[in-house]
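Worksheet for the structure shown next.
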Amino acid sequence: MKVTVVGAGAVGASCAEYIAIKDFADEIVLVDIKEGFAEGKAMDLMQTASLNGFDSTITGTTNDYSKTAGSDVAVITSGIPRKPGMTREELIGINAGIVKTVSENLIKYSPNVILIVVSNPMDTMAYLAHKATGLPKNRIIGMGGALDSARFKFRLAEALECPQSDVEGMVIGGHSDTGMVPLIEKAVRNSVPVSEFLTEEKMAEVVEATKVGGATLTKLLGTSAWYAPGAAVSELVKAIALDSKKMFPCSALLEGEYGLNDISLGVPCILGKNGIEKIVEISLSDAEKEKMASSAEGVSNVNALLEL
């Protein structure tokens, strides 16, 4: 298993670190446009191998995509991060050009690669990757729902005053402050609906705190978060590497699923060696359907800003 991570900044380096620590990839390549940056991050990470007990080889390169040849999976984190007060959507003009160029360079040297898009606005960047590359829909995955669901479970456990391992919950829809659809009606604590423990008001607070999870951190940190995004990506890559058939909410190209067409949006997906093995259509309440439709409309409006 060879994994390329494009963008050696906070999210990319964190992603590479978690993949290495989980020790399922033979080789990890970091790519960055800043001279020596990826090489330095790779060397720093390799010097933790004996301390963290992994055997993966991590190398870095300055914009030389020939070093990524033969990659099974490539993660695209490149682009400018959010700044305080900036929405994910405001990043579109700058990041669209970057994601298109990166995708084409990756496929040039790894024609069978599976792409995981992290760059924001993520759903639109995943859609752009589909349009720019023409890859089969199973081989382009947008990472948003896995991160949003982790934030949802954090907030649920916080409200329930219980361990996060006791909680299950999922966020579908767009990866944006307004587009997220946390499935609070389906969230459980050890198989028991959270509505058995929390008031309607408290559940509403959990949903809202989840939706602004990224903005909250951006305000505190002055930039995007990196630990949780990196960990979320590493779990998607691991599911592909191990052909585990685990289910994650991912931004997938929809062709009729959930009544939607020609859009990449967060839905439950089974991940395995072929990337998205299956899109799972779960039953939604009328309220959830309404929120999903609104989310899709918001993403479509951003997609319309692309110069395809």
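All residue names refer to the structure tokens as shown: chains lettered A, B, ... in order, residues numbered from 1 in each chain, ligands numbered from 1 in order.
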Which residues in region 29-227 of chain A does DSSP call strand (DSSP E or B)? List them as a PyMOL selection string.
-> chain A and resi 29-32+57-62+73-76+114-117+140-142+167-168+171-173+180-182+188-189+192-193
Env of Lys291 (chain A): 10 Å cut, atoms = only C-alpha atoms, seq-sep filter 4 positions within chain, self excluded. Answer as a PDB file with C-alpha atoms, in the first residue's frame.
```pdb
ATOM      1  CA  ILE A 172     -24.731  13.452   6.410  1.00  0.00           C
ATOM      2  CA  GLY A 173     -25.319  16.310   3.947  1.00  0.00           C
ATOM      3  CA  THR A 178     -25.380  25.325   7.279  1.00  0.00           C
ATOM      4  CA  GLY A 179     -25.383  22.141   5.191  1.00  0.00           C
ATOM      5  CA  MET A 180     -24.620  19.505   7.814  1.00  0.00           C
ATOM      6  CA  VAL A 181     -27.430  17.146   8.779  1.00  0.00           C
ATOM      7  CA  PRO A 182     -26.576  15.542  12.157  1.00  0.00           C
ATOM      8  CA  SER A 285     -37.705  11.227   8.476  1.00  0.00           C
ATOM      9  CA  ASP A 286     -39.585  14.024   6.718  1.00  0.00           C
ATOM     10  CA  ALA A 287     -37.562  16.583   8.698  1.00  0.00           C
ATOM     11  CA  SER A 295     -28.212  21.059   2.018  1.00  0.00           C
ATOM     12  CA  ALA A 296     -28.088  19.817  -1.578  1.00  0.00           C
ATOM     13  CA  GLU A 297     -29.431  23.142  -2.821  1.00  0.00           C
TER      14      GLU A 297
END
```
Find the residues near region 49-54 of chain A: any atom within 9 Å, counting only C-alpha atoms, skip ones fewer than 2 places away on the same chain, and give them as a ChimeraX atom specification.
-> /A:20-24,45-47,56-57
Writing out the chosen residues with N, CA and C atoms as a short mmCIF file (atom, residue, chain, number, x, y, z; two decimals), in the first residue's frame:
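Output saved as out-v1.cif:
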```cif
data_model
loop_
_atom_site.label_atom_id
_atom_site.label_comp_id
_atom_site.auth_asym_id
_atom_site.auth_seq_id
_atom_site.Cartn_x
_atom_site.Cartn_y
_atom_site.Cartn_z
N ALA A 20 0.85 6.50 9.45
CA ALA A 20 2.08 5.80 9.84
C ALA A 20 1.91 5.07 11.17
N ILE A 21 1.33 5.74 12.15
CA ILE A 21 1.16 5.13 13.48
C ILE A 21 0.26 3.90 13.43
N LYS A 22 -0.75 3.94 12.53
CA LYS A 22 -1.65 2.78 12.40
C LYS A 22 -0.98 1.65 11.63
N ASP A 23 0.15 1.95 10.97
CA ASP A 23 1.08 0.94 10.43
C ASP A 23 0.44 -0.04 9.44
N PHE A 24 -0.38 0.48 8.52
CA PHE A 24 -0.96 -0.40 7.49
C PHE A 24 -0.42 -0.07 6.10
N LEU A 45 8.92 13.14 10.86
CA LEU A 45 8.02 12.02 11.16
C LEU A 45 8.78 10.69 11.20
N MET A 46 9.74 10.49 10.30
CA MET A 46 10.51 9.25 10.30
C MET A 46 11.33 9.09 11.57
N GLN A 47 11.70 10.21 12.18
CA GLN A 47 12.46 10.15 13.42
C GLN A 47 11.60 9.78 14.63
N SER A 56 6.33 1.97 8.47
CA SER A 56 6.06 2.68 7.22
C SER A 56 7.22 3.60 6.88
N THR A 57 7.50 3.73 5.59
CA THR A 57 8.52 4.66 5.13
C THR A 57 7.84 5.95 4.68
#
```
CA of Val75 (chain A) to CA of Ala209 (chain A), distance in Å rounded to a single decimal = 27.4 Å
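Of the listed residues A:Leu284, A:Pro229, A:Val171, A:Ala126, the one whose atoms come nearest to Val11 (chain A) is A:Pro229, with distances taken using only C-alpha atoms.
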At a cut-off of 10 Å, can you tabulate as CSV every residue of region 60-117 of chain A near region 230-240 of chain A together with its closest atom pair and the distance in Å to one decimal, using only C-alpha atoms and ordering rows by chain then number?
```
residue,atom,partner,partner_atom,distance
A:Asp72,CA,A:Ile240,CA,9.2
A:Val73,CA,A:Val237,CA,7.2
A:Ala74,CA,A:Val237,CA,8.9
A:Val75,CA,A:Val233,CA,7.9
A:Thr77,CA,A:Gly230,CA,9.6
A:Ile114,CA,A:Ile240,CA,9.0
A:Leu115,CA,A:Val237,CA,9.9
A:Ile116,CA,A:Val233,CA,7.9
A:Val117,CA,A:Val233,CA,9.2
```
Find the residues around Gly174 (chain A) up to 10 Å (only C-alpha atoms counted), leave out those fewer than 4 positions away in its own chain, and share them as a compact mmCIF listing (two decimals) with N, CA and C atoms, in the first residue's frame.
```txt
# COMPACT_ATOMS: atom_id res chain seq x y z
N PRO A 121 -14.07 24.36 -0.42
CA PRO A 121 -15.29 23.71 0.08
C PRO A 121 -15.36 22.27 -0.44
N MET A 122 -15.31 21.32 0.49
CA MET A 122 -15.01 19.93 0.17
C MET A 122 -15.97 19.28 -0.82
N ASP A 123 -17.27 19.43 -0.63
CA ASP A 123 -18.22 18.79 -1.55
C ASP A 123 -18.05 19.30 -2.97
N THR A 124 -17.83 20.59 -3.10
CA THR A 124 -17.62 21.19 -4.42
C THR A 124 -16.28 20.77 -5.01
N GLY A 144 -15.60 14.53 4.70
CA GLY A 144 -16.25 15.57 5.49
C GLY A 144 -17.09 14.93 6.58
N GLY A 145 -17.91 13.97 6.15
CA GLY A 145 -18.82 13.32 7.09
C GLY A 145 -18.13 12.56 8.20
N ASP A 148 -17.14 15.31 10.60
CA ASP A 148 -18.32 15.89 11.23
C ASP A 148 -18.98 14.91 12.20
N THR A 178 -23.93 25.34 7.48
CA THR A 178 -25.38 25.32 7.28
C THR A 178 -25.86 24.03 6.63
N GLY A 179 -24.97 23.32 5.96
CA GLY A 179 -25.38 22.14 5.19
C GLY A 179 -25.38 20.83 5.93
N MET A 180 -24.69 20.76 7.07
CA MET A 180 -24.62 19.51 7.81
C MET A 180 -25.99 19.05 8.30
N VAL A 181 -26.20 17.73 8.26
CA VAL A 181 -27.43 17.15 8.78
C VAL A 181 -27.06 16.10 9.84
N CYS A 250 -19.52 9.83 3.54
CA CYS A 250 -18.54 10.45 2.65
C CYS A 250 -19.27 11.24 1.58
N SER A 251 -18.58 12.21 1.01
CA SER A 251 -19.14 12.94 -0.12
C SER A 251 -18.94 12.10 -1.37
N SER A 264 -22.03 16.00 -5.52
CA SER A 264 -21.30 15.23 -4.51
C SER A 264 -21.78 15.71 -3.14
N LEU A 265 -22.26 14.78 -2.35
CA LEU A 265 -22.85 15.13 -1.05
C LEU A 265 -22.61 14.01 -0.06
N GLY A 266 -22.57 14.35 1.22
CA GLY A 266 -22.30 13.38 2.26
C GLY A 266 -23.43 12.40 2.47
N VAL A 267 -23.14 11.12 2.24
CA VAL A 267 -24.09 10.03 2.44
C VAL A 267 -23.34 8.82 3.00
N MET A 292 -31.88 17.60 4.13
CA MET A 292 -30.99 17.06 3.09
C MET A 292 -31.20 17.81 1.77
N SER A 294 -32.33 20.86 1.42
CA SER A 294 -31.81 22.21 1.60
C SER A 294 -30.29 22.22 1.50
N SER A 295 -29.67 21.19 2.08
CA SER A 295 -28.21 21.06 2.02
C SER A 295 -27.74 20.90 0.58
N ALA A 296 -28.44 20.05 -0.18
CA ALA A 296 -28.09 19.82 -1.58
C ALA A 296 -28.22 21.10 -2.40
N GLU A 297 -29.24 21.88 -2.11
CA GLU A 297 -29.43 23.14 -2.82
C GLU A 297 -28.26 24.10 -2.56
N GLY A 298 -27.82 24.14 -1.30
CA GLY A 298 -26.69 24.99 -0.94
C GLY A 298 -25.42 24.59 -1.66
N VAL A 299 -25.16 23.28 -1.72
CA VAL A 299 -23.95 22.79 -2.41
C VAL A 299 -24.05 23.05 -3.90
```
Please, which residues of region 185-219 of chain A, numbered as in this document, come out helix (DSSP H, G or I) from DSSP, as number ranges by chain?
-> A: 185-186, 194-196, 200-211, 213-219
For the selection just defined, write its residues with N, CA and C atoms to a file, as a PDB file, in the first residue's frame.
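The resulting selection-v1.pdb:
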```
ATOM      1  N   GLU A 185     -31.967  12.049  15.545  1.00  0.00           N
ATOM      2  CA  GLU A 185     -33.050  11.091  15.797  1.00  0.00           C
ATOM      3  C   GLU A 185     -32.537   9.649  15.817  1.00  0.00           C
ATOM      4  N   LYS A 186     -31.407   9.414  15.117  1.00  0.00           N
ATOM      5  CA  LYS A 186     -30.858   8.063  15.014  1.00  0.00           C
ATOM      6  C   LYS A 186     -29.669   7.832  15.948  1.00  0.00           C
ATOM      7  N   VAL A 194     -30.651   8.529  22.094  1.00  0.00           N
ATOM      8  CA  VAL A 194     -30.209   9.589  23.015  1.00  0.00           C
ATOM      9  C   VAL A 194     -31.387  10.414  23.531  1.00  0.00           C
ATOM     10  N   SER A 195     -32.511  10.338  22.830  1.00  0.00           N
ATOM     11  CA  SER A 195     -33.714  11.047  23.291  1.00  0.00           C
ATOM     12  C   SER A 195     -34.223  10.500  24.623  1.00  0.00           C
ATOM     13  N   GLU A 196     -33.767   9.308  24.995  1.00  0.00           N
ATOM     14  CA  GLU A 196     -34.118   8.739  26.305  1.00  0.00           C
ATOM     15  C   GLU A 196     -33.363   9.450  27.439  1.00  0.00           C
ATOM     16  N   GLU A 200     -35.246  17.763  24.337  1.00  0.00           N
ATOM     17  CA  GLU A 200     -35.271  18.294  22.978  1.00  0.00           C
ATOM     18  C   GLU A 200     -34.337  19.500  22.860  1.00  0.00           C
ATOM     19  N   GLU A 201     -34.355  20.324  23.882  1.00  0.00           N
ATOM     20  CA  GLU A 201     -33.520  21.524  23.886  1.00  0.00           C
ATOM     21  C   GLU A 201     -32.035  21.153  23.866  1.00  0.00           C
ATOM     22  N   LYS A 202     -31.665  20.162  24.658  1.00  0.00           N
ATOM     23  CA  LYS A 202     -30.264  19.740  24.729  1.00  0.00           C
ATOM     24  C   LYS A 202     -29.828  19.099  23.403  1.00  0.00           C
ATOM     25  N   MET A 203     -30.711  18.329  22.804  1.00  0.00           N
ATOM     26  CA  MET A 203     -30.378  17.703  21.526  1.00  0.00           C
ATOM     27  C   MET A 203     -30.178  18.772  20.449  1.00  0.00           C
ATOM     28  N   ALA A 204     -31.007  19.806  20.492  1.00  0.00           N
ATOM     29  CA  ALA A 204     -30.865  20.912  19.538  1.00  0.00           C
ATOM     30  C   ALA A 204     -29.526  21.622  19.727  1.00  0.00           C
ATOM     31  N   GLU A 205     -29.097  21.762  20.985  1.00  0.00           N
ATOM     32  CA  GLU A 205     -27.800  22.383  21.276  1.00  0.00           C
ATOM     33  C   GLU A 205     -26.655  21.545  20.709  1.00  0.00           C
ATOM     34  N   VAL A 206     -26.761  20.227  20.843  1.00  0.00           N
ATOM     35  CA  VAL A 206     -25.736  19.314  20.321  1.00  0.00           C
ATOM     36  C   VAL A 206     -25.631  19.450  18.807  1.00  0.00           C
ATOM     37  N   VAL A 207     -26.783  19.501  18.142  1.00  0.00           N
ATOM     38  CA  VAL A 207     -26.812  19.631  16.685  1.00  0.00           C
ATOM     39  C   VAL A 207     -26.140  20.929  16.242  1.00  0.00           C
ATOM     40  N   GLU A 208     -26.490  22.032  16.894  1.00  0.00           N
ATOM     41  CA  GLU A 208     -25.928  23.322  16.503  1.00  0.00           C
ATOM     42  C   GLU A 208     -24.432  23.395  16.790  1.00  0.00           C
ATOM     43  N   ALA A 209     -23.999  22.841  17.926  1.00  0.00           N
ATOM     44  CA  ALA A 209     -22.570  22.837  18.262  1.00  0.00           C
ATOM     45  C   ALA A 209     -21.779  22.005  17.255  1.00  0.00           C
ATOM     46  N   THR A 210     -22.393  20.928  16.759  1.00  0.00           N
ATOM     47  CA  THR A 210     -21.752  20.096  15.740  1.00  0.00           C
ATOM     48  C   THR A 210     -21.590  20.854  14.434  1.00  0.00           C
ATOM     49  N   LYS A 211     -22.641  21.541  14.027  1.00  0.00           N
ATOM     50  CA  LYS A 211     -22.638  22.241  12.737  1.00  0.00           C
ATOM     51  C   LYS A 211     -21.594  23.353  12.680  1.00  0.00           C
ATOM     52  N   GLY A 213     -18.825  23.238  14.431  1.00  0.00           N
ATOM     53  CA  GLY A 213     -17.616  22.663  15.023  1.00  0.00           C
ATOM     54  C   GLY A 213     -16.337  23.194  14.409  1.00  0.00           C
ATOM     55  N   GLY A 214     -16.293  23.262  13.065  1.00  0.00           N
ATOM     56  CA  GLY A 214     -15.097  23.768  12.391  1.00  0.00           C
ATOM     57  C   GLY A 214     -14.891  25.246  12.622  1.00  0.00           C
ATOM     58  N   ALA A 215     -15.972  26.016  12.549  1.00  0.00           N
ATOM     59  CA  ALA A 215     -15.876  27.473  12.749  1.00  0.00           C
ATOM     60  C   ALA A 215     -15.443  27.806  14.166  1.00  0.00           C
ATOM     61  N   THR A 216     -15.915  27.014  15.135  1.00  0.00           N
ATOM     62  CA  THR A 216     -15.535  27.225  16.536  1.00  0.00           C
ATOM     63  C   THR A 216     -14.023  27.073  16.706  1.00  0.00           C
ATOM     64  N   LEU A 217     -13.472  26.024  16.084  1.00  0.00           N
ATOM     65  CA  LEU A 217     -12.036  25.783  16.191  1.00  0.00           C
ATOM     66  C   LEU A 217     -11.236  26.824  15.422  1.00  0.00           C
ATOM     67  N   THR A 218     -11.754  27.224  14.263  1.00  0.00           N
ATOM     68  CA  THR A 218     -11.075  28.252  13.471  1.00  0.00           C
ATOM     69  C   THR A 218     -10.956  29.554  14.259  1.00  0.00           C
ATOM     70  N   LYS A 219     -12.018  29.885  14.978  1.00  0.00           N
ATOM     71  CA  LYS A 219     -12.015  31.096  15.801  1.00  0.00           C
ATOM     72  C   LYS A 219     -11.002  30.986  16.943  1.00  0.00           C
TER      73      LYS A 219
END
```
CA of Asn138 (chain A) and CA of Lys245 (chain A), how far apart in Å?
->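 Computed distance, CA of Lys245 (chain A) to CA of Asn138 (chain A), equals 13.3 Å.
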Which one of A:Met170, A:Ala150, A:Ile107, A:Ala13 sits closest to Leu135 (chain A) if you count only C-alpha atoms?
->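 Closest candidate: A:Ile107.
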Using only C-alpha atoms, which of the listed residues (A:Cys15, A:Ala304, A:Val5, A:Ala129) sits closest to Ala38 (chain A)?
->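 Distance minimum relative to Ala38 (chain A) lands on A:Val5.
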Selection near Gly7 (chain A), 12 Å with only C-alpha atoms, sequence-local residues under 4 positions removed, as a VMD selection string = chain A and resid 11 to 16 29 to 34 37 to 39 41 to 42 60 to 63 74 to 81 98 to 99 102 117 to 119 230
Contacts of region 276-278 of chain A at 8 Å or less, counting only C-alpha atoms, minus same-chain residues fewer than 3 places along, as a PyMOL selection string?
-> chain A and resi 137-141+245+269-273
Would you mind exporting N, CA, C and O atoms of the selected residues as a PDB file, in the first residue's frame?
```
ATOM      1  N   LYS A 137     -16.979   6.855 -10.329  1.00  0.00           N
ATOM      2  CA  LYS A 137     -17.450   7.535  -9.121  1.00  0.00           C
ATOM      3  C   LYS A 137     -16.963   6.894  -7.832  1.00  0.00           C
ATOM      4  O   LYS A 137     -16.845   7.569  -6.810  1.00  0.00           O
ATOM      5  N   ASN A 138     -16.634   5.597  -7.875  1.00  0.00           N
ATOM      6  CA  ASN A 138     -16.184   4.913  -6.659  1.00  0.00           C
ATOM      7  C   ASN A 138     -14.782   5.334  -6.236  1.00  0.00           C
ATOM      8  O   ASN A 138     -14.371   5.097  -5.095  1.00  0.00           O
ATOM      9  N   ARG A 139     -14.040   5.994  -7.153  1.00  0.00           N
ATOM     10  CA  ARG A 139     -12.637   6.305  -6.883  1.00  0.00           C
ATOM     11  C   ARG A 139     -12.388   7.753  -6.459  1.00  0.00           C
ATOM     12  O   ARG A 139     -11.242   8.182  -6.333  1.00  0.00           O
ATOM     13  N   ILE A 140     -13.460   8.516  -6.221  1.00  0.00           N
ATOM     14  CA  ILE A 140     -13.312   9.866  -5.675  1.00  0.00           C
ATOM     15  C   ILE A 140     -14.198   9.982  -4.444  1.00  0.00           C
ATOM     16  O   ILE A 140     -15.413   9.813  -4.515  1.00  0.00           O
ATOM     17  N   ILE A 141     -13.557  10.260  -3.316  1.00  0.00           N
ATOM     18  CA  ILE A 141     -14.235  10.296  -2.024  1.00  0.00           C
ATOM     19  C   ILE A 141     -13.992  11.649  -1.374  1.00  0.00           C
ATOM     20  O   ILE A 141     -12.850  12.104  -1.271  1.00  0.00           O
ATOM     21  N   LYS A 245     -14.672  -2.834   4.481  1.00  0.00           N
ATOM     22  CA  LYS A 245     -16.115  -2.690   4.247  1.00  0.00           C
ATOM     23  C   LYS A 245     -16.804  -1.936   5.382  1.00  0.00           C
ATOM     24  O   LYS A 245     -17.969  -2.175   5.690  1.00  0.00           O
ATOM     25  N   CYS A 269     -21.485   5.505   3.123  1.00  0.00           N
ATOM     26  CA  CYS A 269     -20.815   4.713   2.088  1.00  0.00           C
ATOM     27  C   CYS A 269     -20.060   3.549   2.721  1.00  0.00           C
ATOM     28  O   CYS A 269     -19.480   3.696   3.799  1.00  0.00           O
ATOM     29  N   ILE A 270     -20.063   2.420   2.023  1.00  0.00           N
ATOM     30  CA  ILE A 270     -19.229   1.282   2.421  1.00  0.00           C
ATOM     31  C   ILE A 270     -17.893   1.435   1.699  1.00  0.00           C
ATOM     32  O   ILE A 270     -17.853   1.545   0.468  1.00  0.00           O
ATOM     33  N   LEU A 271     -16.802   1.459   2.469  1.00  0.00           N
ATOM     34  CA  LEU A 271     -15.468   1.630   1.879  1.00  0.00           C
ATOM     35  C   LEU A 271     -14.683   0.324   1.898  1.00  0.00           C
ATOM     36  O   LEU A 271     -14.707  -0.420   2.888  1.00  0.00           O
ATOM     37  N   GLY A 272     -13.993   0.068   0.794  1.00  0.00           N
ATOM     38  CA  GLY A 272     -13.150  -1.114   0.683  1.00  0.00           C
ATOM     39  C   GLY A 272     -12.063  -0.883  -0.340  1.00  0.00           C
ATOM     40  O   GLY A 272     -11.768   0.264  -0.701  1.00  0.00           O
ATOM     41  N   LYS A 273     -11.504  -1.955  -0.860  1.00  0.00           N
ATOM     42  CA  LYS A 273     -10.337  -1.846  -1.744  1.00  0.00           C
ATOM     43  C   LYS A 273     -10.630  -1.086  -3.032  1.00  0.00           C
ATOM     44  O   LYS A 273      -9.718  -0.567  -3.671  1.00  0.00           O
TER      45      LYS A 273
END
```
